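Next comes query.csv, a file with CSV, N, CA and C atoms.
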chain,number,residue,atom,x,y,z
A,1,MET,N,42.8,-3.9,-44.6
A,1,MET,CA,43.4,-3.0,-45.6
A,1,MET,C,43.4,-1.5,-45.1
A,2,PHE,N,44.4,-0.8,-45.4
A,2,PHE,CA,44.5,0.6,-45.1
A,2,PHE,C,44.6,1.5,-46.3
A,3,ALA,N,44.0,2.7,-46.2
A,3,ALA,CA,44.4,3.7,-47.2
A,3,ALA,C,45.7,4.3,-46.6
A,4,VAL,N,46.5,4.8,-47.5
A,4,VAL,CA,47.8,5.4,-47.1
A,4,VAL,C,47.7,6.9,-47.5
A,5,ASN,N,47.9,7.7,-46.5
A,5,ASN,CA,47.9,9.2,-46.6
A,5,ASN,C,49.2,9.8,-46.3
A,6,VAL,N,49.6,10.8,-47.0
A,6,VAL,CA,50.9,11.5,-46.7
A,6,VAL,C,50.5,13.0,-46.5
A,7,GLU,N,51.3,13.6,-45.6
A,7,GLU,CA,51.1,15.0,-45.3
A,7,GLU,C,52.4,15.7,-45.2
A,8,GLY,N,52.4,17.0,-45.6
A,8,GLY,CA,53.7,17.8,-45.6
A,8,GLY,C,53.6,18.9,-44.6
A,9,ALA,N,54.6,18.9,-43.7
A,9,ALA,CA,54.8,20.0,-42.7
A,9,ALA,C,55.8,21.0,-43.4
A,10,ILE,N,55.2,22.0,-44.1
A,10,ILE,CA,56.0,23.0,-44.9
A,10,ILE,C,56.3,24.2,-44.0
A,11,HIS,N,57.6,24.5,-43.8
A,11,HIS,CA,58.0,25.5,-43.0
A,11,HIS,C,58.7,26.6,-43.8
A,12,ARG,N,58.4,27.9,-43.5
A,12,ARG,CA,59.0,29.0,-44.2
A,12,ARG,C,58.9,30.2,-43.3
A,13,ASN,N,60.0,30.9,-43.1
A,13,ASN,CA,60.0,32.2,-42.4
A,13,ASN,C,59.4,32.1,-41.0
A,14,GLY,N,59.7,31.0,-40.3
A,14,GLY,CA,59.3,30.8,-38.9
A,14,GLY,C,57.8,30.3,-38.8
A,15,LYS,N,57.2,30.0,-39.9
A,15,LYS,CA,55.8,29.6,-39.8
A,15,LYS,C,55.5,28.3,-40.6
A,16,TRP,N,54.4,27.6,-40.2
A,16,TRP,CA,54.0,26.4,-40.9
A,16,TRP,C,52.8,26.6,-41.8
A,17,LEU,N,52.7,26.0,-42.9
A,17,LEU,CA,51.6,26.1,-43.8
A,17,LEU,C,50.5,25.2,-43.4
A,18,LEU,N,49.3,25.7,-43.1
A,18,LEU,CA,48.2,24.9,-42.8
A,18,LEU,C,47.1,25.2,-43.8
A,19,ILE,N,46.2,24.3,-44.0
A,19,ILE,CA,45.0,24.6,-44.9
A,19,ILE,C,43.7,24.4,-44.1
A,20,ARG,N,42.7,25.1,-44.5
A,20,ARG,CA,41.4,24.8,-43.9
A,20,ARG,C,40.8,23.9,-45.0
A,21,ARG,N,40.5,22.7,-44.6
A,21,ARG,CA,39.9,21.7,-45.5
A,21,ARG,C,38.5,22.2,-46.0
A,22,SER,N,38.2,21.9,-47.2
A,22,SER,CA,36.9,22.3,-47.8
A,22,SER,C,35.8,21.6,-47.0
A,23,GLU,N,34.7,22.3,-46.9
A,23,GLU,CA,33.5,21.7,-46.2
A,23,GLU,C,33.0,20.5,-47.0
A,24,LYS,N,33.4,20.5,-48.3
A,24,LYS,CA,33.0,19.4,-49.2
A,24,LYS,C,33.7,18.1,-48.9
A,25,GLU,N,34.8,18.1,-48.2
A,25,GLU,CA,35.6,16.9,-47.9
A,25,GLU,C,34.9,15.9,-47.1
A,26,GLU,N,35.0,14.7,-47.4
A,26,GLU,CA,34.3,13.6,-46.7
A,26,GLU,C,34.8,13.5,-45.3
A,27,HIS,N,36.1,13.6,-45.1
A,27,HIS,CA,36.7,13.5,-43.7
A,27,HIS,C,37.2,14.8,-43.2
A,28,ALA,N,36.8,15.2,-42.1
A,28,ALA,CA,37.3,16.4,-41.4
A,28,ALA,C,37.1,17.7,-42.2
A,29,GLY,N,36.0,17.8,-42.9
A,29,GLY,CA,35.7,19.0,-43.6
A,29,GLY,C,35.6,20.3,-42.7
A,30,GLY,N,36.2,21.3,-43.2
A,30,GLY,CA,36.3,22.6,-42.4
A,30,GLY,C,37.3,22.7,-41.4
A,31,SER,N,38.1,21.6,-41.2
A,31,SER,CA,39.1,21.7,-40.1
A,31,SER,C,40.5,22.1,-40.7
A,32,LEU,N,41.3,22.5,-39.8
A,32,LEU,CA,42.7,22.9,-40.2
A,32,LEU,C,43.6,21.7,-40.2
A,33,SER,N,44.5,21.6,-41.2
A,33,SER,CA,45.4,20.4,-41.3
A,33,SER,C,46.6,20.8,-42.1
A,34,LEU,N,47.5,19.9,-42.2
A,34,LEU,CA,48.7,20.0,-43.1
A,34,LEU,C,48.2,19.6,-44.5
A,35,VAL,N,48.9,19.9,-45.5
A,35,VAL,CA,48.6,19.6,-46.9
A,35,VAL,C,49.0,18.2,-47.2
A,36,GLY,N,48.1,17.5,-47.9
A,36,GLY,CA,48.5,16.1,-48.3
A,36,GLY,C,47.3,15.4,-48.9
A,37,GLY,N,47.5,14.1,-49.0
A,37,GLY,CA,46.4,13.3,-49.6
A,37,GLY,C,46.8,11.8,-49.7
A,38,GLN,N,45.9,11.0,-50.3
A,38,GLN,CA,46.1,9.6,-50.4
A,38,GLN,C,47.0,9.1,-51.5
A,39,CYS,N,47.7,8.1,-51.3
A,39,CYS,CA,48.5,7.4,-52.4
A,39,CYS,C,47.5,6.7,-53.3
A,40,ASP,N,47.8,6.8,-54.6
A,40,ASP,CA,47.1,6.0,-55.6
A,40,ASP,C,47.7,4.6,-55.7
A,41,ILE,N,47.0,3.7,-56.2
A,41,ILE,CA,47.5,2.3,-56.4
A,41,ILE,C,48.3,2.4,-57.7
A,42,GLU,N,49.6,2.0,-57.6
A,42,GLU,CA,50.5,2.1,-58.8
A,42,GLU,C,51.2,0.8,-59.1
A,43,GLY,N,50.8,-0.3,-58.4
A,43,GLY,CA,51.5,-1.5,-58.7
A,43,GLY,C,53.0,-1.4,-58.2
A,44,PHE,N,53.9,-1.9,-58.9
A,44,PHE,CA,55.3,-1.8,-58.5
A,44,PHE,C,55.8,-0.3,-58.7
A,45,SER,N,56.3,0.3,-57.7
A,45,SER,CA,56.6,1.7,-57.7
A,45,SER,C,57.7,2.1,-56.7
A,46,SER,N,58.4,3.1,-56.9
A,46,SER,CA,59.4,3.5,-56.0
A,46,SER,C,59.1,5.0,-55.6
A,47,ASP,N,59.5,5.4,-54.4
A,47,ASP,CA,59.3,6.7,-53.9
A,47,ASP,C,57.8,7.2,-53.9
A,48,ILE,N,56.9,6.3,-53.8
A,48,ILE,CA,55.5,6.6,-53.9
A,48,ILE,C,55.0,7.6,-52.9
A,49,LEU,N,55.5,7.5,-51.7
A,49,LEU,CA,55.1,8.5,-50.6
A,49,LEU,C,55.6,9.9,-51.0
A,50,GLU,N,56.8,10.0,-51.3
A,50,GLU,CA,57.4,11.3,-51.7
A,50,GLU,C,56.7,11.9,-52.9
A,51,ARG,N,56.6,11.1,-54.0
A,51,ARG,CA,56.0,11.6,-55.2
A,51,ARG,C,54.5,12.0,-55.0
A,52,THR,N,53.8,11.2,-54.2
A,52,THR,CA,52.4,11.5,-53.9
A,52,THR,C,52.3,12.8,-53.1
A,53,LEU,N,53.2,13.0,-52.2
A,53,LEU,CA,53.1,14.3,-51.4
A,53,LEU,C,53.4,15.5,-52.2
A,54,GLU,N,54.5,15.4,-53.1
A,54,GLU,CA,54.8,16.5,-53.9
A,54,GLU,C,53.7,16.8,-54.9
A,55,ARG,N,53.0,15.8,-55.4
A,55,ARG,CA,51.9,16.0,-56.3
A,55,ARG,C,50.7,16.6,-55.6
A,56,GLU,N,50.4,16.1,-54.4
A,56,GLU,CA,49.2,16.6,-53.7
A,56,GLU,C,49.4,18.1,-53.2
A,57,ILE,N,50.6,18.4,-52.8
A,57,ILE,CA,50.9,19.8,-52.4
A,57,ILE,C,50.7,20.7,-53.6
A,58,PHE,N,51.3,20.4,-54.8
A,58,PHE,CA,51.1,21.2,-56.0
A,58,PHE,C,49.6,21.3,-56.4
A,59,GLU,N,48.9,20.2,-56.4
A,59,GLU,CA,47.5,20.2,-56.8
A,59,GLU,C,46.6,21.0,-55.8
A,60,GLU,N,46.9,21.0,-54.5
A,60,GLU,CA,46.1,21.6,-53.6
A,60,GLU,C,46.4,23.1,-53.3
A,61,VAL,N,47.7,23.4,-53.3
A,61,VAL,CA,48.1,24.8,-52.9
A,61,VAL,C,49.1,25.4,-53.9
A,62,GLY,N,49.4,24.7,-55.0
A,62,GLY,CA,50.2,25.4,-56.1
A,62,GLY,C,51.6,25.7,-55.8
A,63,CYS,N,52.2,25.0,-54.9
A,63,CYS,CA,53.7,25.3,-54.7
A,63,CYS,C,54.4,24.0,-54.7
A,64,GLU,N,55.8,24.1,-54.9
A,64,GLU,CA,56.7,23.0,-55.0
A,64,GLU,C,57.5,22.9,-53.7
A,65,VAL,N,57.8,21.7,-53.3
A,65,VAL,CA,58.6,21.4,-52.1
A,65,VAL,C,59.8,20.5,-52.4
A,66,SER,N,60.8,20.5,-51.6
A,66,SER,CA,61.9,19.6,-51.7
A,66,SER,C,62.4,19.2,-50.3
A,67,ASP,N,63.5,18.3,-50.3
A,67,ASP,CA,64.1,17.9,-49.1
A,67,ASP,C,63.1,17.3,-48.1
A,68,LEU,N,62.3,16.4,-48.6
A,68,LEU,CA,61.3,15.7,-47.7
A,68,LEU,C,62.0,14.8,-46.7
A,69,LYS,N,61.7,14.9,-45.5
A,69,LYS,CA,62.3,14.1,-44.4
A,69,LYS,C,61.2,13.5,-43.5
A,70,TYR,N,61.2,12.3,-43.2
A,70,TYR,CA,60.2,11.6,-42.4
A,70,TYR,C,60.1,12.2,-41.0
A,71,VAL,N,58.9,12.5,-40.6
A,71,VAL,CA,58.7,13.0,-39.2
A,71,VAL,C,58.1,11.9,-38.3
A,72,ASN,N,56.9,11.3,-38.7
A,72,ASN,CA,56.3,10.3,-38.0
A,72,ASN,C,55.2,9.6,-38.8
A,73,SER,N,54.6,8.6,-38.2
A,73,SER,CA,53.5,7.9,-38.8
A,73,SER,C,52.5,7.6,-37.7
A,74,SER,N,51.2,7.5,-38.1
A,74,SER,CA,50.2,7.1,-37.2
A,74,SER,C,49.0,6.5,-38.0
A,75,SER,N,48.0,6.1,-37.3
A,75,SER,CA,46.8,5.5,-38.0
A,75,SER,C,45.6,6.1,-37.3
A,76,PHE,N,44.5,6.2,-38.1
A,76,PHE,CA,43.3,6.7,-37.7
A,76,PHE,C,42.2,6.1,-38.5
A,77,VAL,N,40.9,6.3,-38.1
A,77,VAL,CA,39.8,5.9,-38.8
A,77,VAL,C,38.9,7.1,-39.2
A,78,THR,N,38.6,7.2,-40.5
A,78,THR,CA,37.8,8.3,-40.9
A,78,THR,C,36.4,8.3,-40.4
A,79,ASP,N,35.7,9.4,-40.6
A,79,ASP,CA,34.3,9.5,-40.2
A,79,ASP,C,33.4,8.4,-40.8
A,80,SER,N,33.8,7.9,-42.0
A,80,SER,CA,33.0,6.8,-42.7
A,80,SER,C,33.6,5.4,-42.4
A,81,GLY,N,34.6,5.3,-41.5
A,81,GLY,CA,35.1,4.0,-41.1
A,81,GLY,C,36.3,3.5,-41.9
A,82,VAL,N,36.9,4.3,-42.7
A,82,VAL,CA,38.1,3.8,-43.4
A,82,VAL,C,39.3,3.9,-42.5
A,83,ASN,N,40.1,2.8,-42.5
A,83,ASN,CA,41.3,2.8,-41.7
A,83,ASN,C,42.4,3.4,-42.6
A,84,VAL,N,43.2,4.3,-42.0
A,84,VAL,CA,44.2,5.1,-42.7
A,84,VAL,C,45.5,5.1,-42.0
A,85,ILE,N,46.6,4.9,-42.7
A,85,ILE,CA,47.9,5.1,-42.2
A,85,ILE,C,48.4,6.4,-42.7
A,86,ASP,N,48.8,7.3,-41.8
A,86,ASP,CA,49.2,8.7,-42.1
A,86,ASP,C,50.7,8.8,-41.9
A,87,ILE,N,51.4,9.3,-42.9
A,87,ILE,CA,52.8,9.6,-42.8
A,87,ILE,C,53.1,11.0,-43.0
A,88,VAL,N,53.8,11.6,-42.1
A,88,VAL,CA,54.1,13.1,-42.2
A,88,VAL,C,55.6,13.3,-42.5
A,89,PHE,N,55.9,14.2,-43.5
A,89,PHE,CA,57.2,14.6,-43.8
A,89,PHE,C,57.4,16.1,-43.6
A,90,ILE,N,58.5,16.5,-43.1
A,90,ILE,CA,58.9,17.9,-43.1
A,90,ILE,C,59.4,18.2,-44.5
A,91,CYS,N,59.0,19.4,-45.1
A,91,CYS,CA,59.4,19.8,-46.4
A,91,CYS,C,59.9,21.2,-46.4
A,92,ARG,N,60.8,21.4,-47.3
A,92,ARG,CA,61.3,22.8,-47.6
A,92,ARG,C,60.5,23.4,-48.7
A,93,HIS,N,60.0,24.6,-48.5
A,93,HIS,CA,59.2,25.3,-49.6
A,93,HIS,C,60.3,25.7,-50.6
A,94,ARG,N,59.9,25.4,-51.9
A,94,ARG,CA,60.9,25.6,-53.0
A,94,ARG,C,60.4,26.8,-53.9
A,95,THR,N,59.2,26.6,-54.5
A,95,THR,CA,58.7,27.7,-55.4
A,95,THR,C,57.2,27.8,-55.2
A,96,GLY,N,56.7,28.9,-55.7
A,96,GLY,CA,55.2,29.2,-55.7
A,96,GLY,C,54.7,29.7,-54.4
A,97,GLU,N,53.8,30.6,-54.5
A,97,GLU,CA,53.1,31.2,-53.3
A,97,GLU,C,51.9,30.4,-53.1
A,98,PRO,N,51.8,29.7,-51.9
A,98,PRO,CA,50.6,28.8,-51.7
A,98,PRO,C,49.3,29.6,-51.7
A,99,PHE,N,48.3,29.0,-52.3
A,99,PHE,CA,46.9,29.5,-52.3
A,99,PHE,C,45.9,28.4,-52.4
A,100,ALA,N,44.7,28.6,-52.2
A,100,ALA,CA,43.7,27.6,-52.3
A,100,ALA,C,43.4,27.2,-53.7
A,101,LYS,N,44.3,26.4,-54.3
A,101,LYS,CA,44.2,26.1,-55.7
A,101,LYS,C,43.1,25.1,-56.0
A,102,SER,N,43.0,24.1,-55.2
A,102,SER,CA,41.9,23.1,-55.4
A,102,SER,C,40.7,23.4,-54.5
A,103,VAL,N,39.8,24.2,-55.1
A,103,VAL,CA,38.6,24.6,-54.2
A,103,VAL,C,37.8,23.5,-53.7
A,104,ASP,N,37.8,22.3,-54.3
A,104,ASP,CA,37.1,21.2,-53.8
A,104,ASP,C,37.7,20.6,-52.6
A,105,GLU,N,39.0,20.9,-52.3
A,105,GLU,CA,39.7,20.3,-51.2
A,105,GLU,C,40.2,21.4,-50.2
A,106,VAL,N,40.4,22.6,-50.6
A,106,VAL,CA,41.0,23.6,-49.8
A,106,VAL,C,40.2,24.9,-49.8
A,107,ASP,N,39.8,25.4,-48.6
A,107,ASP,CA,39.0,26.6,-48.5
A,107,ASP,C,40.0,27.8,-48.3
A,108,GLU,N,41.1,27.6,-47.6
A,108,GLU,CA,42.0,28.7,-47.2
A,108,GLU,C,43.3,28.1,-46.8
A,109,VAL,N,44.4,29.0,-47.0
A,109,VAL,CA,45.7,28.6,-46.6
A,109,VAL,C,46.1,29.6,-45.5
A,110,LEU,N,46.8,29.1,-44.5
A,110,LEU,CA,47.2,30.0,-43.4
A,110,LEU,C,48.7,29.7,-43.0
A,111,TRP,N,49.4,30.6,-42.5
A,111,TRP,CA,50.7,30.4,-42.0
A,111,TRP,C,50.7,30.7,-40.5
A,112,MET,N,51.1,29.7,-39.7
A,112,MET,CA,51.1,29.9,-38.3
A,112,MET,C,52.4,29.4,-37.7
A,113,THR,N,52.8,30.1,-36.6
A,113,THR,CA,54.0,29.7,-35.9
A,113,THR,C,53.7,28.4,-35.0
A,114,THR,N,54.8,27.8,-34.6
A,114,THR,CA,54.6,26.6,-33.8
A,114,THR,C,53.8,27.0,-32.5
A,115,ASP,N,54.2,28.1,-31.9
A,115,ASP,CA,53.5,28.5,-30.6
A,115,ASP,C,52.0,28.8,-30.9
A,116,GLU,N,51.7,29.4,-32.0
A,116,GLU,CA,50.3,29.6,-32.4
A,116,GLU,C,49.5,28.3,-32.5
A,117,ILE,N,50.2,27.4,-33.2
A,117,ILE,CA,49.5,26.1,-33.4
A,117,ILE,C,49.3,25.3,-32.1
A,118,LEU,N,50.3,25.4,-31.2
A,118,LEU,CA,50.2,24.6,-30.0
A,118,LEU,C,49.2,25.1,-29.0
A,119,VAL,N,48.8,26.4,-29.1
A,119,VAL,CA,47.8,27.0,-28.2
A,119,VAL,C,46.5,27.1,-28.8
A,120,HIS,N,46.4,26.8,-30.1
A,120,HIS,CA,45.1,27.0,-30.8
A,120,HIS,C,44.1,26.0,-30.3
A,121,LYS,N,42.9,26.5,-29.9
A,121,LYS,CA,41.9,25.6,-29.3
A,121,LYS,C,41.2,24.7,-30.3
A,122,GLU,N,41.1,25.0,-31.5
A,122,GLU,CA,40.4,24.2,-32.5
A,122,GLU,C,41.3,23.1,-33.1
A,123,LEU,N,42.6,23.1,-32.9
A,123,LEU,CA,43.4,22.2,-33.6
A,123,LEU,C,43.5,20.9,-32.8
A,124,PRO,N,43.4,19.7,-33.6
A,124,PRO,CA,43.5,18.4,-32.9
A,124,PRO,C,44.9,18.2,-32.4
A,125,ASP,N,44.9,17.3,-31.3
A,125,ASP,CA,46.2,17.0,-30.7
A,125,ASP,C,47.2,16.4,-31.6
A,126,TYR,N,46.7,15.5,-32.6
A,126,TYR,CA,47.7,14.9,-33.5
A,126,TYR,C,48.4,15.9,-34.4
A,127,LEU,N,47.7,17.0,-34.7
A,127,LEU,CA,48.4,18.0,-35.5
A,127,LEU,C,49.4,18.7,-34.7
A,128,LYS,N,49.1,19.0,-33.4
A,128,LYS,CA,50.1,19.6,-32.5
A,128,LYS,C,51.3,18.7,-32.3
A,129,VAL,N,51.1,17.4,-32.2
A,129,VAL,CA,52.2,16.5,-32.0
A,129,VAL,C,53.1,16.5,-33.3
A,130,ASN,N,52.4,16.4,-34.5
A,130,ASN,CA,53.2,16.5,-35.7
A,130,ASN,C,54.0,17.7,-35.9
A,131,ILE,N,53.5,18.9,-35.5
A,131,ILE,CA,54.2,20.1,-35.7
A,131,ILE,C,55.3,20.2,-34.6
A,132,SER,N,55.1,19.7,-33.4
A,132,SER,CA,56.1,19.7,-32.4
A,132,SER,C,57.3,18.8,-32.8
A,133,LEU,N,57.0,17.7,-33.4
A,133,LEU,CA,58.1,16.8,-33.8
A,133,LEU,C,58.8,17.4,-35.0
A,134,ALA,N,58.1,18.0,-35.9
A,134,ALA,CA,58.7,18.6,-37.1
A,134,ALA,C,59.6,19.8,-36.7
A,135,ASP,N,59.1,20.6,-35.7
A,135,ASP,CA,59.8,21.8,-35.2
A,135,ASP,C,61.1,21.4,-34.6
A,136,LYS,N,61.2,20.2,-33.9
A,136,LYS,CA,62.4,19.7,-33.4
A,136,LYS,C,63.4,19.4,-34.4
A,137,MET,N,63.0,19.0,-35.6
A,137,MET,CA,63.9,18.6,-36.7
A,137,MET,C,64.5,19.8,-37.5
A,138,LEU,N,64.0,21.0,-37.2
A,138,LEU,CA,64.5,22.2,-37.9
A,138,LEU,C,65.9,22.5,-37.6

Once more with this new file: its structure as structure tokens, please.
Amino acid sequence: MFAVNVEGAIHRNGKWLLIRRSEKEEHAGGSLSLVGGQCDIEGFSSDILERTLEREIFEEVGCEVSDLKYVNSSSFVTDSGVNVIDIVFICRHRTGEPFAKSVDEVDEVLWMTTDEILVHKELPDYLKVNISLADKML
């Protein structure tokens, strides 16, 4: 069994929105990432990935997005051994100025260019791949 996670590559004014995950987070606390979260079990449901991502973005950073387009998918194992399928969507920022709304999940919001992300020493390779792929879709 897998947990299903969705992430949003939100682009505005030549920069991507990243968050610094809260130190309280079970997986990758304190690291930089895209905004997103796990899908809830809903039984029979449609558009669960898109609705989950829109909800998570609003809950974590207080903004709304639209025009979600699939970028890629991957899998990983969390620090505690949970197998995760991760799906990334590129999103258009619609309303709201992003801020660390959910203090249990987000310590900070940052806007970075593609070039800044690609040369950043602390960022994991999978994040650089996701941003590179999303950047090509712009």

Which polymer residues, protein or nucleic acid, are no farther than 12 Å from (50.4, 14.2, -33.6), counting only C-alpha atoms, as a VMD selection string?
chain A and resid 7 9 33 to 34 71 to 76 86 to 88 117 to 118 123 to 134

Protein and nucleic acid residues near (60.0, 24.0, -45.1) (cut-off 7 Å, all atoms listed in the file) as a PyMOL selection string
chain A and resi 9-12+90-94

Near Leu53 in chain A, counting all atoms listed in the file, which residues have an atom at most 6.5 Å away, once you skip same-chain residues fewer than 2 positions from it, shown as a list in words?
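After dropping sequence-adjacent residues, the list is Val6, Glu7, Gly8, Gly36, Gly37, Ile48, Leu49, Glu50, Arg51, Arg55, Glu56, Ile57 and Phe58 of chain A.
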
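Closest approach to Thr52 in chain A among A:Phe89, A:Trp16, A:Phe2, A:Phe99: A:Phe89, based on only C-alpha atoms.
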
When you draw a straight line from atom N of Asp79 in chain A to atom C of Cys39 in chain A, how long is it in Å?
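If I compute the distance from atom N of Asp79 in chain A to atom C of Cys39 in chain A, I get 17.5 Å.
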
Taking the backbone alone, and naming residues the way the document does, which bits of chain A are strand (DSSP E) by DSSP, as a PyMOL selection string?
chain A and resi 3-12+15-21+32-33+35-38+64-77+83-95+106-112

When distances are computed from all atoms listed in the file, which of A:Ala100, A:Leu68, A:Leu32, A:Ile41 shows the smallest separation from Arg20 in chain A?
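Among the listed residues, A:Leu32 lies closest to Arg20 in chain A.
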
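When all atoms listed in the file are used to measure the gap to Ile19 in chain A, the shortest distance among A:Glu108, A:Val61, A:Glu116, A:Asp47 belongs to A:Glu108.
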
Just give me the gap between atom C of Asn83 in chain A and atom N of Glu42 in chain A in Å, one decimal is fine.
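Taking atom C of Asn83 in chain A as the start and atom N of Glu42 in chain A as the end point, the length is 16.7 Å.
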
Do you have the atom N of Gln38 in chain A-atom N of Val4 in chain A distance handy?
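Between atom N of Gln38 in chain A and atom N of Val4 in chain A the gap is 6.8 Å.
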
Select from range 12-65 of chain A everything DSSP, run on the backbone, classes as helix (DSSP H, G or I), then give the selection as a PyMOL selection string.
chain A and resi 48-61

Find the residues near Met112 in chain A: any atom within 6.5 Å, counting only N, CA and C atoms, skip ones fewer than 6 places away on the same chain, and give them as a ChimeraX atom specification.
/A:14-18

Looking at A:Val106, A:Gly81, A:Leu138, A:Glu97, which one is nearest to Glu64 in chain A, with distances taken over all atoms listed in the file?
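For Glu64 in chain A, the nearest of the candidates is A:Glu97.
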
Nearest to Glu122 in chain A: which of A:Asn13, A:Glu105, A:Lys24, A:Ser31 is it, counting all atoms listed in the file?
A:Ser31
